[in-house]
>>> print(open('final-v8.cif').read())   # mmCIF, C-alpha atoms and all ligand atoms
data_target
loop_
_atom_site.label_atom_id
_atom_site.label_comp_id
_atom_site.auth_asym_id
_atom_site.auth_seq_id
_atom_site.Cartn_x
_atom_site.Cartn_y
_atom_site.Cartn_z
CA MET A 1 -69.30 -40.09 -46.30
CA ALA A 2 -69.92 -39.61 -42.62
CA SER A 3 -70.30 -36.22 -40.95
CA ARG A 4 -68.91 -34.70 -37.78
CA ALA A 5 -72.37 -35.16 -36.26
CA ASP A 6 -72.17 -38.91 -36.99
CA LEU A 7 -68.85 -38.99 -35.15
CA ALA A 8 -70.38 -37.12 -32.21
CA ARG A 9 -73.18 -39.71 -32.06
CA LEU A 10 -70.79 -42.63 -32.16
CA ILE A 11 -68.73 -41.12 -29.33
CA ASP A 12 -71.90 -40.43 -27.38
CA GLN A 13 -72.97 -44.07 -27.64
CA SER A 14 -69.62 -45.35 -26.43
CA ARG A 15 -69.07 -46.31 -22.81
CA ARG A 16 -65.36 -46.99 -23.06
CA ALA A 17 -63.43 -45.57 -25.97
CA VAL A 18 -59.78 -45.85 -26.88
CA VAL A 19 -58.16 -43.08 -28.90
CA PHE A 20 -55.34 -44.01 -31.27
CA THR A 21 -53.28 -41.09 -32.57
CA GLY A 22 -50.67 -40.71 -35.28
CA ALA A 23 -48.66 -37.92 -36.87
CA GLY A 24 -51.76 -36.29 -38.36
CA ILE A 25 -52.96 -34.94 -35.03
CA SER A 26 -49.64 -33.17 -34.46
CA THR A 27 -49.13 -31.74 -37.95
CA GLU A 28 -51.76 -29.19 -36.90
CA SER A 29 -49.27 -28.13 -34.19
CA GLY A 30 -46.56 -27.69 -36.80
CA ILE A 31 -44.79 -31.00 -36.28
CA PRO A 32 -44.08 -32.51 -39.69
CA ASP A 33 -45.22 -36.05 -40.44
CA PHE A 34 -41.84 -37.73 -40.58
CA ARG A 35 -42.92 -40.23 -43.23
CA SER A 36 -44.45 -37.70 -45.60
CA PRO A 37 -42.68 -35.92 -48.48
CA GLY A 38 -40.93 -32.97 -46.85
CA GLY A 39 -40.91 -34.83 -43.53
CA VAL A 40 -37.86 -35.47 -41.42
CA TRP A 41 -36.78 -38.68 -43.13
CA SER A 42 -36.79 -37.09 -46.54
CA LYS A 43 -34.19 -34.59 -45.24
CA MET A 44 -31.95 -36.74 -43.09
CA LYS A 45 -31.19 -40.42 -42.70
CA PRO A 46 -32.57 -42.15 -39.63
CA ILE A 47 -29.93 -43.39 -37.18
CA TYR A 48 -30.59 -47.05 -36.50
CA PHE A 49 -30.46 -48.38 -32.98
CA GLN A 50 -27.46 -50.62 -33.69
CA GLU A 51 -25.53 -47.66 -35.14
CA PHE A 52 -26.27 -45.59 -32.04
CA VAL A 53 -25.04 -48.35 -29.75
CA SER A 54 -21.91 -49.28 -31.69
CA ASP A 55 -20.72 -46.03 -33.28
CA PRO A 56 -19.74 -42.96 -31.20
CA ALA A 57 -19.96 -40.74 -34.30
CA LYS A 58 -23.59 -41.78 -34.81
CA ARG A 59 -24.29 -41.13 -31.14
CA ARG A 60 -22.86 -37.65 -31.50
CA GLU A 61 -25.01 -37.06 -34.57
CA ALA A 62 -28.13 -38.30 -32.79
CA TRP A 63 -27.53 -36.00 -29.82
CA GLU A 64 -26.84 -33.07 -32.09
CA ARG A 65 -30.21 -33.65 -33.73
CA ALA A 66 -31.90 -33.91 -30.35
CA PHE A 67 -30.35 -30.80 -28.84
CA THR A 68 -30.68 -28.56 -31.87
CA GLY A 69 -34.30 -29.57 -32.47
CA LYS A 70 -33.27 -30.49 -35.99
CA ALA A 71 -35.80 -33.27 -36.28
CA GLY A 72 -38.61 -30.88 -35.38
CA TRP A 73 -40.26 -33.44 -33.13
CA THR A 74 -40.60 -31.33 -30.03
CA GLY A 75 -41.03 -27.80 -28.80
CA ARG A 76 -44.57 -27.28 -30.11
CA GLN A 77 -47.91 -26.68 -28.40
CA PRO A 78 -50.98 -28.93 -28.32
CA ASN A 79 -53.78 -27.97 -30.73
CA ALA A 80 -57.57 -28.21 -30.71
CA GLY A 81 -57.39 -31.92 -31.56
CA HIS A 82 -55.24 -32.71 -28.52
CA TYR A 83 -57.57 -30.69 -26.27
CA ALA A 84 -60.65 -32.49 -27.59
CA VAL A 85 -58.97 -35.83 -26.83
CA ALA A 86 -58.07 -34.53 -23.37
CA ARG A 87 -61.77 -33.78 -22.79
CA LEU A 88 -62.67 -37.36 -23.72
CA VAL A 89 -60.23 -38.62 -21.08
CA ALA A 90 -61.28 -36.07 -18.45
CA ARG A 91 -64.95 -36.98 -18.92
CA GLY A 92 -64.22 -40.65 -18.44
CA LYS A 93 -65.23 -41.42 -22.01
CA ALA A 94 -61.80 -42.57 -23.17
CA SER A 95 -59.87 -44.99 -20.97
CA ALA A 96 -56.54 -44.51 -22.74
CA ILE A 97 -54.73 -42.90 -25.63
CA ILE A 98 -52.48 -45.10 -27.72
CA THR A 99 -50.09 -42.91 -29.68
CA GLN A 100 -47.46 -43.35 -32.35
CA ASN A 101 -46.22 -39.83 -31.61
CA VAL A 102 -43.14 -38.98 -29.55
CA ASP A 103 -43.94 -35.29 -29.00
CA ASN A 104 -45.51 -35.41 -25.51
CA LEU A 105 -48.38 -33.19 -26.70
CA HIS A 106 -51.11 -35.36 -25.14
CA GLN A 107 -49.47 -34.93 -21.74
CA ASP A 108 -48.93 -31.23 -22.49
CA SER A 109 -52.67 -30.88 -23.17
CA GLY A 110 -53.39 -32.04 -19.63
CA VAL A 111 -53.85 -35.80 -20.01
CA PRO A 112 -52.30 -37.70 -17.07
CA ALA A 113 -49.16 -39.51 -18.24
CA ASP A 114 -50.55 -42.89 -17.13
CA LYS A 115 -53.39 -42.56 -19.66
CA VAL A 116 -50.96 -42.18 -22.58
CA ILE A 117 -49.53 -45.37 -24.08
CA GLU A 118 -46.54 -44.46 -26.24
CA LEU A 119 -45.73 -47.10 -28.87
CA HIS A 120 -42.68 -45.24 -30.20
CA GLY A 121 -41.46 -43.70 -26.97
CA ASN A 122 -40.97 -40.03 -26.16
CA ALA A 123 -38.48 -37.53 -27.60
CA THR A 124 -38.74 -34.99 -24.80
CA TYR A 125 -36.55 -36.86 -22.32
CA ALA A 126 -33.85 -39.55 -22.33
CA THR A 127 -33.36 -42.89 -20.62
CA CYS A 128 -30.39 -45.09 -19.82
CA LEU A 129 -30.25 -48.14 -22.09
CA GLU A 130 -28.81 -50.20 -19.22
CA CYS A 131 -30.80 -49.31 -16.10
CA GLY A 132 -33.68 -47.25 -17.48
CA GLU A 133 -32.92 -44.17 -15.36
CA ARG A 134 -34.69 -41.11 -16.74
CA HIS A 135 -32.56 -38.10 -17.68
CA GLU A 136 -33.89 -34.66 -18.61
CA LEU A 137 -32.57 -33.27 -21.89
CA GLU A 138 -31.90 -29.90 -20.25
CA ASP A 139 -29.47 -31.53 -17.83
CA LEU A 140 -27.51 -33.19 -20.63
CA LYS A 141 -27.57 -30.33 -23.08
CA ALA A 142 -24.97 -27.98 -21.63
CA GLY A 143 -22.25 -30.62 -21.40
CA PHE A 144 -22.83 -31.66 -24.98
CA LEU A 145 -23.09 -28.22 -26.54
CA LYS A 146 -20.23 -26.68 -24.54
CA ALA A 147 -17.80 -29.56 -24.15
CA GLY A 148 -19.03 -32.05 -26.73
CA GLU A 149 -19.63 -34.67 -24.05
CA ILE A 150 -21.78 -37.57 -25.17
CA PRO A 151 -24.18 -38.26 -22.27
CA TYR A 152 -23.68 -41.28 -20.03
CA CYS A 153 -25.93 -42.44 -17.19
CA ARG A 154 -25.29 -40.62 -13.90
CA ARG A 155 -26.37 -43.76 -12.04
CA CYS A 156 -24.68 -46.67 -13.84
CA GLY A 157 -22.49 -45.13 -16.56
CA GLY A 158 -24.50 -46.80 -19.34
CA LEU A 159 -25.39 -45.28 -22.67
CA VAL A 160 -28.18 -42.71 -22.55
CA LYS A 161 -30.50 -42.17 -25.50
CA THR A 162 -33.63 -40.11 -26.10
CA ALA A 163 -36.59 -42.22 -25.00
CA THR A 164 -37.82 -42.80 -28.54
CA ILE A 165 -37.98 -46.22 -30.16
CA SER A 166 -35.47 -46.02 -33.00
CA PHE A 167 -35.47 -47.88 -36.27
CA GLY A 168 -34.03 -51.31 -35.60
CA GLN A 169 -35.12 -51.24 -31.95
CA SER A 170 -37.80 -53.69 -30.87
CA MET A 171 -41.23 -52.41 -29.91
CA PRO A 172 -41.50 -51.75 -26.17
CA GLU A 173 -43.14 -54.73 -24.48
CA ALA A 174 -45.11 -53.10 -21.68
CA PRO A 175 -46.80 -50.41 -23.80
CA MET A 176 -47.59 -52.96 -26.52
CA LEU A 177 -49.23 -55.24 -23.97
CA ARG A 178 -51.20 -52.40 -22.39
CA ALA A 179 -52.31 -51.17 -25.80
CA GLU A 180 -53.63 -54.62 -26.58
CA GLU A 181 -55.49 -54.86 -23.27
CA GLU A 182 -57.10 -51.45 -23.76
CA THR A 183 -58.00 -52.31 -27.35
CA LEU A 184 -59.76 -55.48 -26.23
CA ALA A 185 -61.63 -53.65 -23.46
CA CYS A 186 -63.04 -50.81 -25.57
CA ASP A 187 -66.36 -50.50 -27.39
CA LEU A 188 -65.14 -47.68 -29.66
CA PHE A 189 -61.71 -47.46 -31.25
CA LEU A 190 -61.14 -43.94 -32.55
CA VAL A 191 -58.22 -43.42 -34.94
CA LEU A 192 -57.04 -39.83 -35.31
CA GLY A 193 -54.43 -38.88 -37.87
CA SER A 194 -52.77 -42.18 -38.54
CA SER A 195 -52.30 -43.54 -42.02
CA LEU A 196 -52.38 -47.02 -40.43
CA VAL A 197 -49.58 -48.37 -42.55
CA VAL A 198 -46.97 -49.14 -39.88
CA TYR A 199 -47.28 -52.54 -38.24
CA PRO A 200 -47.65 -53.73 -35.55
CA ALA A 201 -49.38 -50.49 -34.53
CA ALA A 202 -51.81 -50.66 -37.41
CA GLY A 203 -53.05 -54.01 -36.16
CA PHE A 204 -54.85 -52.48 -33.16
CA PRO A 205 -57.85 -51.04 -35.04
CA GLN A 206 -58.43 -54.41 -36.66
CA LEU A 207 -58.12 -56.18 -33.34
CA ALA A 208 -60.72 -53.83 -31.82
CA LYS A 209 -63.10 -54.36 -34.69
CA GLN A 210 -62.74 -58.14 -34.62
CA ASN A 211 -63.47 -57.99 -30.92
CA GLY A 212 -66.79 -56.25 -31.52
CA ALA A 213 -65.88 -52.59 -30.97
CA ALA A 214 -66.96 -49.86 -33.35
CA LEU A 215 -64.12 -48.45 -35.44
CA ALA A 216 -63.98 -44.76 -36.41
CA ILE A 217 -61.20 -43.23 -38.50
CA VAL A 218 -60.56 -39.49 -38.82
CA ASN A 219 -57.69 -38.81 -41.20
CA ARG A 220 -57.06 -36.37 -44.00
CA GLU A 221 -56.11 -39.16 -46.40
CA PRO A 222 -57.71 -42.55 -46.99
CA THR A 223 -56.20 -45.46 -45.03
CA PRO A 224 -55.89 -49.10 -46.10
CA ILE A 225 -58.63 -50.15 -43.66
CA ASP A 226 -61.23 -47.45 -44.34
CA GLY A 227 -63.48 -50.11 -45.86
CA TYR A 228 -63.36 -51.97 -42.57
CA ALA A 229 -64.46 -49.04 -40.40
CA ASP A 230 -67.93 -48.10 -39.14
CA LEU A 231 -67.23 -44.42 -39.72
CA VAL A 232 -64.62 -42.66 -41.87
CA LEU A 233 -64.06 -38.91 -41.93
CA HIS A 234 -61.49 -37.42 -44.28
CA ASP A 235 -61.24 -34.21 -42.34
CA GLU A 236 -58.95 -31.92 -40.33
CA ILE A 237 -58.67 -33.40 -36.85
CA GLY A 238 -58.74 -30.23 -34.74
CA PRO A 239 -61.89 -28.76 -36.31
CA ALA A 240 -63.66 -32.14 -36.60
CA LEU A 241 -62.99 -33.15 -32.99
CA SER A 242 -63.78 -29.70 -31.63
CA GLU A 243 -67.21 -30.07 -33.14
CA ALA A 244 -67.72 -33.73 -32.18
CA VAL A 245 -66.44 -33.21 -28.61
CA PRO A 246 -67.43 -29.66 -27.74
CA ALA A 247 -65.98 -27.94 -24.67
CA ASP A 248 -68.42 -27.31 -21.81
ZN ZN Q 1 -28.07 -46.32 -16.06
#
>>> encode(input="final-v8.cif", output="structure tokens")
Amino acid sequence: MASRADLARLIDQSRRAVVFTGAGISTESGIPDFRSPGGVWSKMKPIYFQEFVSDPAKRREAWERAFTGKAGWTGRQPNAGHYAVARLVARGKASAIITQNVDNLHQDSGVPADKVIELHGNATYATCLECGERHELEDLKAGFLKAGEIPYCRRCGGLVKTATISFGQSMPEAPMLRAEEETLACDLFLVLGSSLVVYPAAGFPQLAKQNGAALAIVNREPTPIDGYADLVLHDEIGPALSEAVPAD
């Protein structure tokens, strides 16, 4: 079993790292892992993309979840793990963060938005499904809560949806492509808090490794590719990263 000092050494040796984050980094901020027992999907059924598009009742339900914070995805603060990752970016050590999370906590910890590649979108704002126009949830909330108005695009009248990638919705092309480019350009691929079971996202660590990068995994639970990694730490992310990437 590796130590936090081993992780610090591996990071030190890297010239261009990519950080890959999953639910585990945000559980320390109080955001439940939606796939775990007690997580969001054990309490309510996901609304599939096709249902959202075709069924006004499902749209209403989705917006109710978004505006009442029922899913528990947003409204939390970054933790020590997010800040350690932000230091890696600020110091030029990490070129990008690839995340499966939709909580915006990397950006909230001070990482420039263009360094965060979101594979599953972002739950803290909405976009038009037709023209892509961004809408702030605050602007849509009053009309929905007071008058029950389902939001439509102010620009083109199209359907507006939180900017997450729903079940049944295809993976976003541009972020997937960028994630692949970053993965192939890195010499260290650092996985933080992902169980690495959801494809295609889980393919990135393997791609990095095959391409000659070192692979490090920090996760509380074992992952299916632990045996493939150069370093595995079954540890809390905030404390482990705080030690491996100390503040100045
Ligand atoms: Zn539009």
>>> axis_aligned_box(input="final-v8.cif", around="region 170-175 of chain A", padding_each_side="5 Å", output="AutoDock Vina command-line options")
--center_x -42.3 --center_y -52.6 --center_z -26.3 --size_x 19.0 --size_y 14.3 --size_z 19.2
>>> closest_atom_pairs(input="final-v8.cif", of="region 10-116 of chain A", to="region 175-189 of chain A", cutoff="12 Å", atoms="only C-alpha atoms", output="JSON lines")
{"residue": "A:Leu10", "atom": "CA", "partner": "A:Leu188", "partner_atom": "CA", "distance": 8.0}
{"residue": "A:Ile11", "atom": "CA", "partner": "A:Leu188", "partner_atom": "CA", "distance": 7.5}
{"residue": "A:Asp12", "atom": "CA", "partner": "A:Leu188", "partner_atom": "CA", "distance": 10.2}
{"residue": "A:Gln13", "atom": "CA", "partner": "A:Leu188", "partner_atom": "CA", "distance": 8.9}
{"residue": "A:Ser14", "atom": "CA", "partner": "A:Leu188", "partner_atom": "CA", "distance": 6.0}
{"residue": "A:Arg15", "atom": "CA", "partner": "A:Asp187", "partner_atom": "CA", "distance": 6.8}
{"residue": "A:Arg16", "atom": "CA", "partner": "A:Cys186", "partner_atom": "CA", "distance": 5.1}
{"residue": "A:Ala17", "atom": "CA", "partner": "A:Leu188", "partner_atom": "CA", "distance": 4.6}
{"residue": "A:Val18", "atom": "CA", "partner": "A:Phe189", "partner_atom": "CA", "distance": 5.0}
{"residue": "A:Val19", "atom": "CA", "partner": "A:Phe189", "partner_atom": "CA", "distance": 6.1}
{"residue": "A:Phe20", "atom": "CA", "partner": "A:Phe189", "partner_atom": "CA", "distance": 7.2}
{"residue": "A:Thr21", "atom": "CA", "partner": "A:Phe189", "partner_atom": "CA", "distance": 10.6}
{"residue": "A:Lys93", "atom": "CA", "partner": "A:Leu188", "partner_atom": "CA", "distance": 9.9}
{"residue": "A:Ala94", "atom": "CA", "partner": "A:Cys186", "partner_atom": "CA", "distance": 8.7}
{"residue": "A:Ser95", "atom": "CA", "partner": "A:Glu182", "partner_atom": "CA", "distance": 7.6}
{"residue": "A:Ala96", "atom": "CA", "partner": "A:Glu182", "partner_atom": "CA", "distance": 7.0}
{"residue": "A:Ile97", "atom": "CA", "partner": "A:Ala179", "partner_atom": "CA", "distance": 8.6}
{"residue": "A:Ile98", "atom": "CA", "partner": "A:Ala179", "partner_atom": "CA", "distance": 6.4}
{"residue": "A:Thr99", "atom": "CA", "partner": "A:Ala179", "partner_atom": "CA", "distance": 9.4}
{"residue": "A:Gln100", "atom": "CA", "partner": "A:Pro175", "partner_atom": "CA", "distance": 11.1}
{"residue": "A:Asp114", "atom": "CA", "partner": "A:Pro175", "partner_atom": "CA", "distance": 10.7}
{"residue": "A:Lys115", "atom": "CA", "partner": "A:Arg178", "partner_atom": "CA", "distance": 10.4}
{"residue": "A:Val116", "atom": "CA", "partner": "A:Pro175", "partner_atom": "CA", "distance": 9.3}
>>> residues_near_ligand(input="final-v8.cif", ligand="ligand ZN 1 (chain Q)", cutoff="7 Å", atoms="all atoms listed in the file", output="ChimeraX atom specification")
/A:128-133,153-158
>>> atom_distance(input="final-v8.cif", atom1="CA of Gly212 (chain A)", atom2="CA of Met1 (chain A)")
22.0 Å
>>> residues_around(input="final-v8.cif", residues="Gly81 (chain A)", least_positions_apart="5", cutoff="7 Å", atoms="only C-alpha atoms", output="PyMOL selection string")
chain A and resi 25+237-238+241-242
>>> write_last_selection(input="final-v8.cif", atoms="C-alpha atoms", output="CSV table (one decimal), keeping the file's coordinate frame")
chain,number,residue,atom,x,y,z
A,25,ILE,CA,-53.0,-34.9,-35.0
A,237,ILE,CA,-58.7,-33.4,-36.8
A,238,GLY,CA,-58.7,-30.2,-34.7
A,241,LEU,CA,-63.0,-33.2,-33.0
A,242,SER,CA,-63.8,-29.7,-31.6
>>> atom_distance(input="final-v8.cif", atom1="CA of Ile150 (chain A)", atom2="CA of His106 (chain A)")
29.4 Å
>>> closest_residue(input="final-v8.cif", among="A:Ala23, A:Lys141, A:Arg134, A:Thr223", to="Val160 (chain A)", atoms="only C-alpha atoms")
A:Arg134
>>> atom_distance(input="final-v8.cif", atom1="CA of Gly92 (chain A)", atom2="CA of Arg4 (chain A)")
20.8 Å
>>> closest_residue(input="final-v8.cif", among="A:Lys45, A:Lys58, A:Lys209, A:His120", to="Ser170 (chain A)", atoms="all atoms listed in the file")
A:His120
>>> closest_residue(input="final-v8.cif", among="A:Val89, A:Ala123, A:Leu192, A:Leu7", to="Asn104 (chain A)", atoms="all atoms listed in the file")
A:Ala123
>>> residues_around(input="final-v8.cif", residues="Ala2 (chain A)", least_positions_apart="5", cutoff="12 Å", atoms="all atoms listed in the file", output="PyMOL selection string")
chain A and resi 7-10+216-218+226+229-235+240
>>> write_last_selection(input="final-v8.cif", atoms="C-alpha atoms", output="PDB file, in the frame of the given file")
ATOM      1  CA  LEU A   7     -68.850 -38.990 -35.150  1.00  0.00           C
ATOM      2  CA  ALA A   8     -70.380 -37.120 -32.210  1.00  0.00           C
ATOM      3  CA  ARG A   9     -73.180 -39.710 -32.060  1.00  0.00           C
ATOM      4  CA  LEU A  10     -70.790 -42.630 -32.160  1.00  0.00           C
ATOM      5  CA  ALA A 216     -63.980 -44.760 -36.410  1.00  0.00           C
ATOM      6  CA  ILE A 217     -61.200 -43.230 -38.500  1.00  0.00           C
ATOM      7  CA  VAL A 218     -60.560 -39.490 -38.820  1.00  0.00           C
ATOM      8  CA  ASP A 226     -61.230 -47.450 -44.340  1.00  0.00           C
ATOM      9  CA  ALA A 229     -64.460 -49.040 -40.400  1.00  0.00           C
ATOM     10  CA  ASP A 230     -67.930 -48.100 -39.140  1.00  0.00           C
ATOM     11  CA  LEU A 231     -67.230 -44.420 -39.720  1.00  0.00           C
ATOM     12  CA  VAL A 232     -64.620 -42.660 -41.870  1.00  0.00           C
ATOM     13  CA  LEU A 233     -64.060 -38.910 -41.930  1.00  0.00           C
ATOM     14  CA  HIS A 234     -61.490 -37.420 -44.280  1.00  0.00           C
ATOM     15  CA  ASP A 235     -61.240 -34.210 -42.340  1.00  0.00           C
ATOM     16  CA  ALA A 240     -63.660 -32.140 -36.600  1.00  0.00           C
TER      17      ALA A 240
END
>>> closest_residue(input="final-v8.cif", among="A:Asp248, A:Glu136, A:Asp108, A:Asp55", to="Arg87 (chain A)", atoms="only C-alpha atoms")
A:Asp248
>>> closest_residue(input="final-v8.cif", among="A:Pro32, A:Leu159, A:Ala244, A:Pro222", to="Lys70 (chain A)", atoms="only C-alpha atoms")
A:Pro32
>>> closest_residue(input="final-v8.cif", among="A:Leu215, A:Glu61, A:Lys146, A:Tyr199", to="Met44 (chain A)", atoms="all atoms listed in the file")
A:Glu61
